[in-house]
file start.txt (compact mmCIF, C-alpha atoms)
# COMPACT_ATOMS: atom_id res chain seq x y z
CA MET C 1 0.00 0.00 0.00
CA LYS C 2 1.72 3.17 -1.21
CA TYR C 3 0.63 6.74 -0.60
CA PRO C 4 2.02 9.72 -2.56
CA LEU C 5 3.72 12.42 -0.54
CA HIS C 6 1.05 15.06 -1.22
CA ARG C 7 -1.63 12.77 0.21
CA ILE C 8 0.43 12.18 3.35
CA LEU C 9 0.92 15.94 3.77
CA THR C 10 -2.83 16.48 3.31
CA TYR C 11 -3.55 13.94 6.04
CA LEU C 12 -1.04 15.64 8.34
CA LEU C 13 -2.59 19.08 7.75
CA ALA C 14 -6.12 17.78 8.34
CA GLY C 15 -4.95 15.95 11.44
CA GLY C 16 -3.29 19.10 12.81
CA LEU C 17 -6.48 21.11 12.30
CA LEU C 18 -8.51 18.40 14.02
CA LEU C 19 -6.09 18.35 16.97
CA TYR C 20 -6.33 22.13 17.38
CA LEU C 21 -10.12 22.35 17.18
CA GLY C 22 -10.70 19.26 19.30
CA ARG C 23 -8.25 20.06 22.11
CA PRO C 24 -10.93 20.34 24.88
CA LEU C 25 -11.79 16.70 24.23
CA LEU C 26 -8.50 15.33 22.96
CA VAL C 27 -6.11 16.68 25.64
CA PRO C 28 -7.68 14.82 28.62
CA LEU C 29 -8.38 11.82 26.37
CA SER C 30 -4.71 11.72 25.33
CA PHE C 31 -3.52 11.90 28.92
CA GLY C 32 -5.96 9.10 29.74
CA LEU C 33 -4.64 7.04 26.83
CA PHE C 34 -1.01 7.41 27.87
CA ILE C 35 -1.77 6.64 31.50
CA SER C 36 -3.56 3.49 30.33
CA LEU C 37 -0.49 2.54 28.26
CA LEU C 38 1.65 3.08 31.35
CA LEU C 39 -0.59 0.95 33.57
CA TYR C 40 -1.36 -1.78 31.02
CA PRO C 41 1.60 -4.09 31.88
CA LEU C 42 0.82 -3.85 35.61
CA CYS C 43 -2.90 -4.49 35.09
CA GLU C 44 -2.21 -7.41 32.76
CA TRP C 45 0.21 -8.91 35.32
CA MET C 46 -2.41 -8.71 38.08
CA GLU C 47 -5.10 -10.17 35.81
CA ARG C 48 -2.88 -13.16 34.94
CA ARG C 49 -2.65 -13.89 38.65
CA GLY C 50 -6.40 -14.15 39.03
CA LEU C 51 -7.44 -10.61 39.93
CA GLY C 52 -10.52 -9.28 38.17
CA ARG C 53 -10.03 -6.67 35.48
CA THR C 54 -11.95 -3.95 37.32
CA ALA C 55 -10.02 -4.53 40.56
CA ALA C 56 -6.69 -4.65 38.71
CA ILE C 57 -7.38 -1.33 36.98
CA ALA C 58 -8.48 0.28 40.25
CA LEU C 59 -5.29 -0.88 42.00
CA GLY C 60 -3.20 0.35 39.08
CA LEU C 61 -4.74 3.82 39.21
CA PHE C 62 -4.28 3.89 42.98
CA SER C 63 -0.59 3.03 42.60
CA LEU C 64 -0.23 5.97 40.22
CA LEU C 65 -2.06 8.23 42.66
CA ILE C 66 0.71 7.86 45.27
CA PRO C 67 3.49 9.74 43.38
CA LEU C 68 0.97 12.34 42.22
CA THR C 69 -0.06 12.88 45.85
CA LEU C 70 3.60 13.32 46.79
CA LEU C 71 3.94 15.88 44.00
CA GLY C 72 0.94 17.77 45.36
CA TYR C 73 2.44 17.61 48.85
CA LEU C 74 5.67 19.15 47.55
CA LEU C 75 3.68 21.93 45.91
CA VAL C 76 1.70 22.69 49.08
CA SER C 77 4.82 22.52 51.26
CA GLN C 78 6.51 25.05 49.00
CA LEU C 79 3.61 27.45 49.45
CA LEU C 80 3.51 26.89 53.22
CA SER C 81 7.24 27.44 53.58
CA LEU C 82 6.87 30.67 51.65
CA GLY C 83 4.01 31.70 53.96
CA SER C 84 6.19 31.18 57.05
CA LEU C 85 8.77 33.55 55.56
CA TRP C 86 6.19 36.19 54.65
CA PRO C 87 6.52 38.38 57.82
CA ASP C 88 10.24 38.93 57.22
CA MET C 89 9.66 39.45 53.51
CA LYS C 90 6.85 41.93 54.21
CA GLU C 91 9.11 43.99 56.44
CA LYS C 92 11.80 44.10 53.78
CA LEU C 93 9.25 44.99 51.10
CA VAL C 94 7.96 47.89 53.20
CA VAL C 95 11.50 49.20 53.69
CA ALA C 96 12.28 48.80 49.99
CA ALA C 97 9.05 50.54 48.96
CA THR C 98 9.73 53.41 51.36
CA ASP C 99 13.27 53.85 50.07
CA LEU C 100 12.04 53.75 46.48
CA GLY C 101 9.35 56.34 47.21
CA GLU C 102 11.85 58.71 48.80
CA TYR C 103 14.24 58.24 45.88
CA VAL C 104 11.47 59.03 43.38
CA ASP C 105 10.42 62.11 45.37
CA GLN C 106 13.97 63.45 45.44
CA SER C 107 14.78 62.61 41.82
CA LEU C 108 11.57 63.79 40.15
CA GLN C 109 10.60 66.53 42.60
CA ILE C 110 7.21 64.93 43.25
CA SER C 111 5.30 65.79 46.39
CA ARG C 112 4.09 63.05 48.70
CA SER C 113 0.43 64.01 48.16
CA GLN C 114 0.83 63.85 44.39
CA ARG C 115 2.50 60.42 44.62
CA GLN C 116 -0.34 59.15 46.83
CA GLN C 117 -2.88 60.49 44.33
CA TRP C 118 -1.13 58.61 41.50
CA ILE C 119 -1.14 55.43 43.56
CA ARG C 120 -4.86 55.86 44.31
CA GLN C 121 -5.65 56.35 40.62
CA GLY C 122 -3.57 53.32 39.71
CA VAL C 123 -5.40 51.17 42.25
CA GLU C 124 -8.80 52.31 40.97
CA SER C 125 -7.88 51.69 37.33
CA SER C 126 -6.48 48.25 38.12
CA ALA C 127 -9.54 47.13 40.10
CA GLY C 128 -11.39 46.15 36.94
CA ASP C 129 -8.34 44.26 35.68
CA PHE C 130 -8.13 42.42 39.00
CA PHE C 131 -11.74 41.24 38.82
CA ARG C 132 -11.27 40.12 35.22
CA PHE C 133 -8.15 38.25 36.30
CA LEU C 134 -10.09 36.67 39.19
CA GLN C 135 -12.85 35.58 36.80
CA SER C 136 -10.36 33.98 34.40
CA THR C 137 -8.59 32.28 37.33
CA LEU C 138 -11.85 30.77 38.58
CA SER C 139 -12.69 29.61 35.07
CA ALA C 140 -9.26 28.00 34.73
CA SER C 141 -9.67 26.33 38.13
CA VAL C 142 -13.00 24.82 37.10
CA SER C 143 -11.47 23.60 33.83
CA SER C 144 -8.55 22.06 35.73
CA LEU C 145 -10.93 20.31 38.11
CA VAL C 146 -12.92 18.86 35.21
CA PHE C 147 -9.65 17.79 33.59
CA LEU C 148 -8.48 16.00 36.76
CA ILE C 149 -11.79 14.15 36.95
CA LEU C 150 -11.90 13.15 33.28
CA VAL C 151 -8.35 11.80 32.93
CA PRO C 152 -8.65 8.87 35.39
CA ILE C 153 -12.14 8.09 34.06
CA TYR C 154 -10.78 7.88 30.50
CA SER C 155 -7.85 5.75 31.67
CA PHE C 156 -10.15 3.36 33.53
CA LEU C 157 -12.52 2.94 30.58
CA ILE C 158 -9.73 2.51 28.00
CA LEU C 159 -8.18 -0.25 30.11
CA LEU C 160 -11.57 -1.82 30.77
CA TYR C 161 -12.58 -1.91 27.09
CA ARG C 162 -9.09 -2.37 25.63
CA GLY C 163 -9.96 -5.68 23.96
CA ARG C 164 -12.89 -4.35 21.99
CA LEU C 165 -11.02 -1.13 21.16
CA VAL C 166 -8.18 -3.10 19.57
CA ARG C 167 -10.61 -5.34 17.70
CA ALA C 168 -12.49 -2.27 16.45
CA VAL C 169 -9.25 -0.80 15.07
CA GLU C 170 -8.46 -4.11 13.38
CA MET C 171 -11.89 -4.08 11.74
CA LEU C 172 -11.51 -0.49 10.56
CA VAL C 173 -8.11 -0.83 8.86
CA ALA C 174 -7.47 -2.57 5.57
CA ALA C 175 -7.05 -6.34 5.57
CA ASP C 176 -3.28 -6.22 4.95
CA TRP C 177 -2.89 -3.91 7.98
CA ARG C 178 -4.76 -6.07 10.50
CA PRO C 179 -1.78 -8.27 11.43
CA LYS C 180 0.25 -5.11 12.11
CA VAL C 181 -2.13 -3.50 14.64
CA ARG C 182 -1.09 -5.48 17.72
CA PRO C 183 2.69 -5.33 17.01
CA ILE C 184 2.43 -1.55 16.55
CA LEU C 185 0.49 -1.33 19.82
CA ARG C 186 3.18 -3.30 21.66
CA LEU C 187 5.90 -1.08 20.18
CA SER C 188 3.90 2.01 21.22
CA ILE C 189 3.72 0.78 24.81
CA ARG C 190 7.47 0.13 24.84
CA SER C 191 8.13 3.55 23.28
CA PHE C 192 6.04 5.23 25.96
CA PHE C 193 7.98 3.42 28.70
CA GLU C 194 11.20 4.73 27.15
CA PHE C 195 9.65 8.20 27.17
CA ILE C 196 8.95 7.91 30.91
CA LYS C 197 12.53 6.77 31.58
CA GLY C 198 13.81 9.73 29.58
CA MET C 199 11.66 12.11 31.61
CA LEU C 200 13.09 10.69 34.86
CA LEU C 201 16.60 11.28 33.50
CA VAL C 202 15.63 14.88 32.69
CA TYR C 203 14.42 15.43 36.27
CA LEU C 204 17.69 14.02 37.63
CA ILE C 205 19.93 16.19 35.44
CA VAL C 206 17.89 19.36 35.99
CA GLY C 207 17.80 18.73 39.75
CA LEU C 208 21.58 18.35 39.87
CA LEU C 209 22.16 21.51 37.82
CA ASN C 210 19.74 23.52 39.96
CA SER C 211 21.36 22.26 43.17
CA ILE C 212 24.91 22.97 41.96
CA GLY C 213 23.94 26.51 40.97
CA LEU C 214 22.25 27.21 44.31
CA LEU C 215 25.22 25.71 46.21
CA LEU C 216 27.66 27.96 44.34
CA LEU C 217 25.44 30.91 45.21
CA GLY C 218 25.42 29.88 48.88
CA ILE C 219 21.66 29.32 49.21
CA PRO C 220 20.64 27.18 52.24
CA HIS C 221 18.92 23.83 51.49
CA ALA C 222 20.19 24.02 47.91
CA LEU C 223 19.78 20.29 47.23
CA LEU C 224 16.16 20.30 48.42
CA PHE C 225 15.23 23.44 46.47
CA GLY C 226 17.03 22.21 43.34
CA PHE C 227 15.25 18.87 43.10
CA ILE C 228 11.85 20.27 44.08
CA ALA C 229 12.19 22.75 41.22
CA SER C 230 13.15 19.89 38.91
CA ILE C 231 10.10 17.82 39.85
CA LEU C 232 7.71 20.75 39.64
CA THR C 233 8.76 21.43 36.04
CA PHE C 234 6.24 18.68 35.28
CA ILE C 235 3.67 21.48 35.69
CA PRO C 236 4.34 23.70 32.65
CA TYR C 237 5.16 27.38 33.36
CA VAL C 238 3.52 27.53 36.82
CA GLY C 239 5.62 24.80 38.45
CA ILE C 240 8.99 26.48 38.02
CA MET C 241 7.63 29.84 39.22
CA ILE C 242 6.25 28.30 42.42
CA ALA C 243 9.47 26.34 42.95
CA ALA C 244 11.57 29.50 42.62
CA LEU C 245 9.71 31.49 45.30
CA PRO C 246 11.12 29.77 48.46
CA PRO C 247 14.83 30.00 47.46
CA ILE C 248 14.27 33.60 46.40
CA ALA C 249 12.73 34.39 49.79
CA VAL C 250 15.40 32.48 51.73
CA SER C 251 18.24 34.16 49.84
CA TRP C 252 16.77 37.61 50.39
CA ILE C 253 16.25 37.06 54.13
CA THR C 254 19.63 35.38 54.60
CA TYR C 255 21.83 37.88 52.75
CA ASN C 256 19.66 41.04 52.83
CA SER C 257 20.64 41.80 49.24
CA ILE C 258 18.67 41.82 46.00
CA ALA C 259 21.63 40.30 44.15
CA TYR C 260 21.02 36.82 45.56
CA PRO C 261 17.34 36.56 44.56
CA LEU C 262 18.34 37.77 41.10
CA GLY C 263 21.02 35.08 41.10
CA VAL C 264 18.40 32.42 41.88
CA VAL C 265 16.23 33.66 39.01
CA ALA C 266 19.24 33.62 36.67
CA ILE C 267 20.19 30.05 37.67
CA TYR C 268 16.69 28.72 37.14
CA ALA C 269 16.32 30.60 33.85
CA VAL C 270 19.61 29.25 32.46
CA VAL C 271 18.85 25.69 33.56
CA GLN C 272 15.34 25.89 32.09
CA TYR C 273 16.78 27.12 28.79
CA PHE C 274 19.20 24.20 28.60
CA GLU C 275 16.47 21.79 29.73
CA ALA C 276 14.09 22.86 26.97
CA ASN C 277 16.63 23.11 24.15
CA LEU C 278 19.29 20.50 24.95
CA ILE C 279 18.61 18.18 27.89
CA PHE C 280 15.01 17.24 27.11
CA PRO C 281 15.52 16.60 23.37
CA TRP C 282 18.69 14.58 24.09
CA ALA C 283 17.40 12.53 27.02
CA VAL C 284 13.89 11.88 25.72
CA GLY C 285 14.29 12.01 21.96
CA ARG C 286 17.01 9.37 21.75
CA ARG C 287 14.99 6.94 23.91
CA VAL C 288 12.01 7.09 21.59
CA ASN C 289 14.26 6.95 18.49
CA LEU C 290 13.62 10.55 17.47
CA ASN C 291 16.38 12.91 16.42
CA THR C 292 16.97 16.18 18.23
CA LEU C 293 15.48 18.35 15.48
CA SER C 294 12.20 16.44 15.30
CA THR C 295 12.01 16.39 19.11
CA ILE C 296 12.39 20.18 19.39
CA VAL C 297 9.91 20.75 16.56
CA SER C 298 7.45 18.40 18.30
CA ILE C 299 7.78 20.37 21.55
CA VAL C 300 7.23 23.71 19.82
CA LEU C 301 4.36 22.39 17.69
CA GLY C 302 2.75 20.81 20.75
CA GLY C 303 2.95 24.14 22.56
CA ILE C 304 1.30 25.92 19.62
CA VAL C 305 -1.53 23.40 19.26
CA TRP C 306 -2.22 22.33 22.87
CA GLY C 307 -0.16 24.66 25.05
CA GLY C 308 1.82 23.16 27.94
CA ALA C 309 0.02 19.82 27.65
CA GLY C 310 1.06 19.52 24.01
CA MET C 311 4.71 20.08 24.89
CA ILE C 312 4.52 16.89 26.96
CA LEU C 313 2.20 14.79 24.80
CA PHE C 314 3.52 15.43 21.31
CA ILE C 315 6.82 13.60 21.87
CA PRO C 316 5.16 10.16 22.30
CA PHE C 317 2.64 11.14 19.59
CA VAL C 318 5.44 11.68 17.07
CA ALA C 319 7.21 8.51 18.22
CA ILE C 320 4.05 6.49 17.58
CA ALA C 321 3.55 8.23 14.22
CA LYS C 322 7.08 7.16 13.28
CA LEU C 323 6.27 3.55 14.22
CA ILE C 324 3.22 3.64 11.94
CA ALA C 325 5.15 5.34 9.13
CA GLU C 326 7.71 2.53 9.21
CA GLN C 327 4.92 0.18 8.09
CA VAL C 328 3.73 2.42 5.24
CA GLU C 329 5.35 2.05 1.86
CA GLY C 330 6.22 5.48 0.50
CA ALA C 331 6.69 7.07 3.94
CA GLU C 332 10.44 6.37 4.10
CA ALA C 333 11.21 10.10 3.86
CA LEU C 334 9.06 10.81 6.93
CA VAL C 335 10.81 8.02 8.86
CA LEU C 336 14.16 9.50 7.89
CA LEU C 337 13.15 13.01 8.98
CA LEU C 338 11.86 11.86 12.37
CA GLY C 339 14.27 9.08 13.26
CA ASP C 340 17.80 9.12 14.61
CA ASP C 341 19.12 6.45 12.23
CA GLU C 342 22.17 7.62 10.32
CA GLU C 343 21.21 5.82 7.14
CA ALA C 344 18.02 6.37 5.20
CA PRO C 345 15.63 3.44 4.86
CA LEU C 346 15.62 2.17 1.31
CA PRO C 347 12.28 2.13 -0.49
CA LYS C 348 10.86 -1.30 -1.00
CA GLN C 349 11.33 -2.67 -4.49
CA GLN C 350 8.18 -3.28 -6.47
CA PRO C 351 7.93 -6.80 -7.93
CA GLU C 352 8.41 -6.85 -11.66

call {"tool": "encode", "arguments": {"input": "start.txt", "output": "structure tokens"}}
result
Amino acid sequence: MKYPLHRILTYLLAGGLLLYLGRPLLVPLSFGLFISLLLYPLCEWMERRGLGRTAAIALGLFSLLIPLTLLGYLLVSQLLSLGSLWPDMKEKLVVAATDLGEYVDQSLQISRSQRQQWIRQGVESSAGDFFRFLQSTLSASVSSLVFLILVPIYSFLILLYRGRLVRAVEMLVAADWRPKVRPILRLSIRSFFEFIKGMLLVYLIVGLLNSIGLLLLGIPHALLFGFIASILTFIPYVGIMIAALPPIAVSWITYNSIAYPLGVVAIYAVVQYFEANLIFPWAVGRRVNLNTLSTIVSIVLGGIVWGGAGMILFIPFVAIAKLIAEQVEGAEALVLLLGDDEEAPLPKQQPE
């Protein structure tokens, strides 16, 4: 079965449009699918030992809930530790604001009453922005809650109905593709496991780099702060900001200088840059047999289509697409572009 290149590109374009328009449904469904792939070997092992399918799936989801609970505990502990430092930080902020106000008064020849009037006008004009921000935050919180409810439900149902789902796919594809469905599925599961191992390696490297930077800066509890920041990078954008707050506060209180908090920000920014552009593509891409270029493009494309979730999900998506392309005659160029093999796959010879 051979497809011309223009037809493959048309399918890719239509698929990209479908992914973008269907992201409210497809993002939680994709997370549910990958969690089911992760739990499938464990559930199958328990079922072979006599446990019912429903009980095996429930135990598998519960086993996954433990590390997620620990991650939530780390997040809450970061916020609580920041709250315990707030009185000292508040005092320093008041002093800094007072010094800044006096400097502005002396430099710009502004009276205290005029400065207070400007502040009052700024507060009034920003009140509407604050309420709009609060409304969007509440909306995002509701969406996140729905997302957290849907993902385990999707995972449970995919694992529960996995047999009929596979048979349905076999019935939908052409007859010459039916023997390939289950091997591709097994390869996809193995590829996803390699993706998880690559992610763990990323967390280890980023944690070490964060800790070394904080140690060189002289920040207390550098090892703890460094690895917590590494783990919280699992939460796109927000995680690293929350993780940076405690070391920023500790450095400011300990050294009473703005240079150290700026140093913490610089360390985290540099490490995050290397993580996104070098460490992640190297550690994850090579484990799922993707080259660095295709890995980076997948991350960027995932961010464009699905935001932070797409930056995580599109790597295994592309790896699975490469596995399927390896079975399609005429898709050798796509396999070459995505893979990390040094030699191009030769097109299959047509029988004379």

call {"tool": "residues_around", "arguments": {"input": "start.txt", "residues": "Gly60 of chain C", "least_positions_apart": "5", "cutoff": "8 Å", "atoms": "all atoms listed in the file", "output": "ChimeraX atom specification"}}
result
/C:39,42-43

call {"tool": "closest_atom_pairs", "arguments": {"input": "start.txt", "of": "segment 181-232 of chain C", "to": "segment 324-343 of chain C", "cutoff": "10 Å", "atoms": "only C-alpha atoms", "output": "tab-separated table"}}
result
residue	atom	partner	partner_atom	distance
C:Val181	CA	C:Ile324	CA	9.3
C:Ile184	CA	C:Ile324	CA	7.0
C:Leu185	CA	C:Ile324	CA	9.7
C:Leu187	CA	C:Ile324	CA	9.9
C:Ser188	CA	C:Ile324	CA	9.4

call {"tool": "atom_distance", "arguments": {"input": "start.txt", "atom1": "atom CA of Leu290 of chain C", "atom2": "atom CA of Phe192 of chain C"}}
result
12.6 Å

call {"tool": "atom_distance", "arguments": {"input": "start.txt", "atom1": "atom CA of Tyr161 of chain C", "atom2": "atom CA of Gly32 of chain C"}}
result
13.1 Å

call {"tool": "residues_around", "arguments": {"input": "start.txt", "residues": "Tyr203 of chain C", "least_positions_apart": "6", "cutoff": "8 Å", "atoms": "all atoms listed in the file", "output": "list of chain:residue names"}}
result
C:Phe227, C:Ser230, C:Ile231

call {"tool": "atom_distance", "arguments": {"input": "start.txt", "atom1": "atom CA of Phe225 of chain C", "atom2": "atom CA of Pro87 of chain C"}}
result
20.7 Å

call {"tool": "closest_residue", "arguments": {"input": "start.txt", "among": "C:Gly50, C:Gly22, C:Pro220, C:Gly226", "to": "Leu208 of chain C", "atoms": "all atoms listed in the file"}}
result
C:Gly226

call {"tool": "closest_residue", "arguments": {"input": "start.txt", "among": "C:Val250, C:Ala259, C:Leu301, C:Ala243", "to": "His221 of chain C", "atoms": "only C-alpha atoms"}}
result
C:Val250
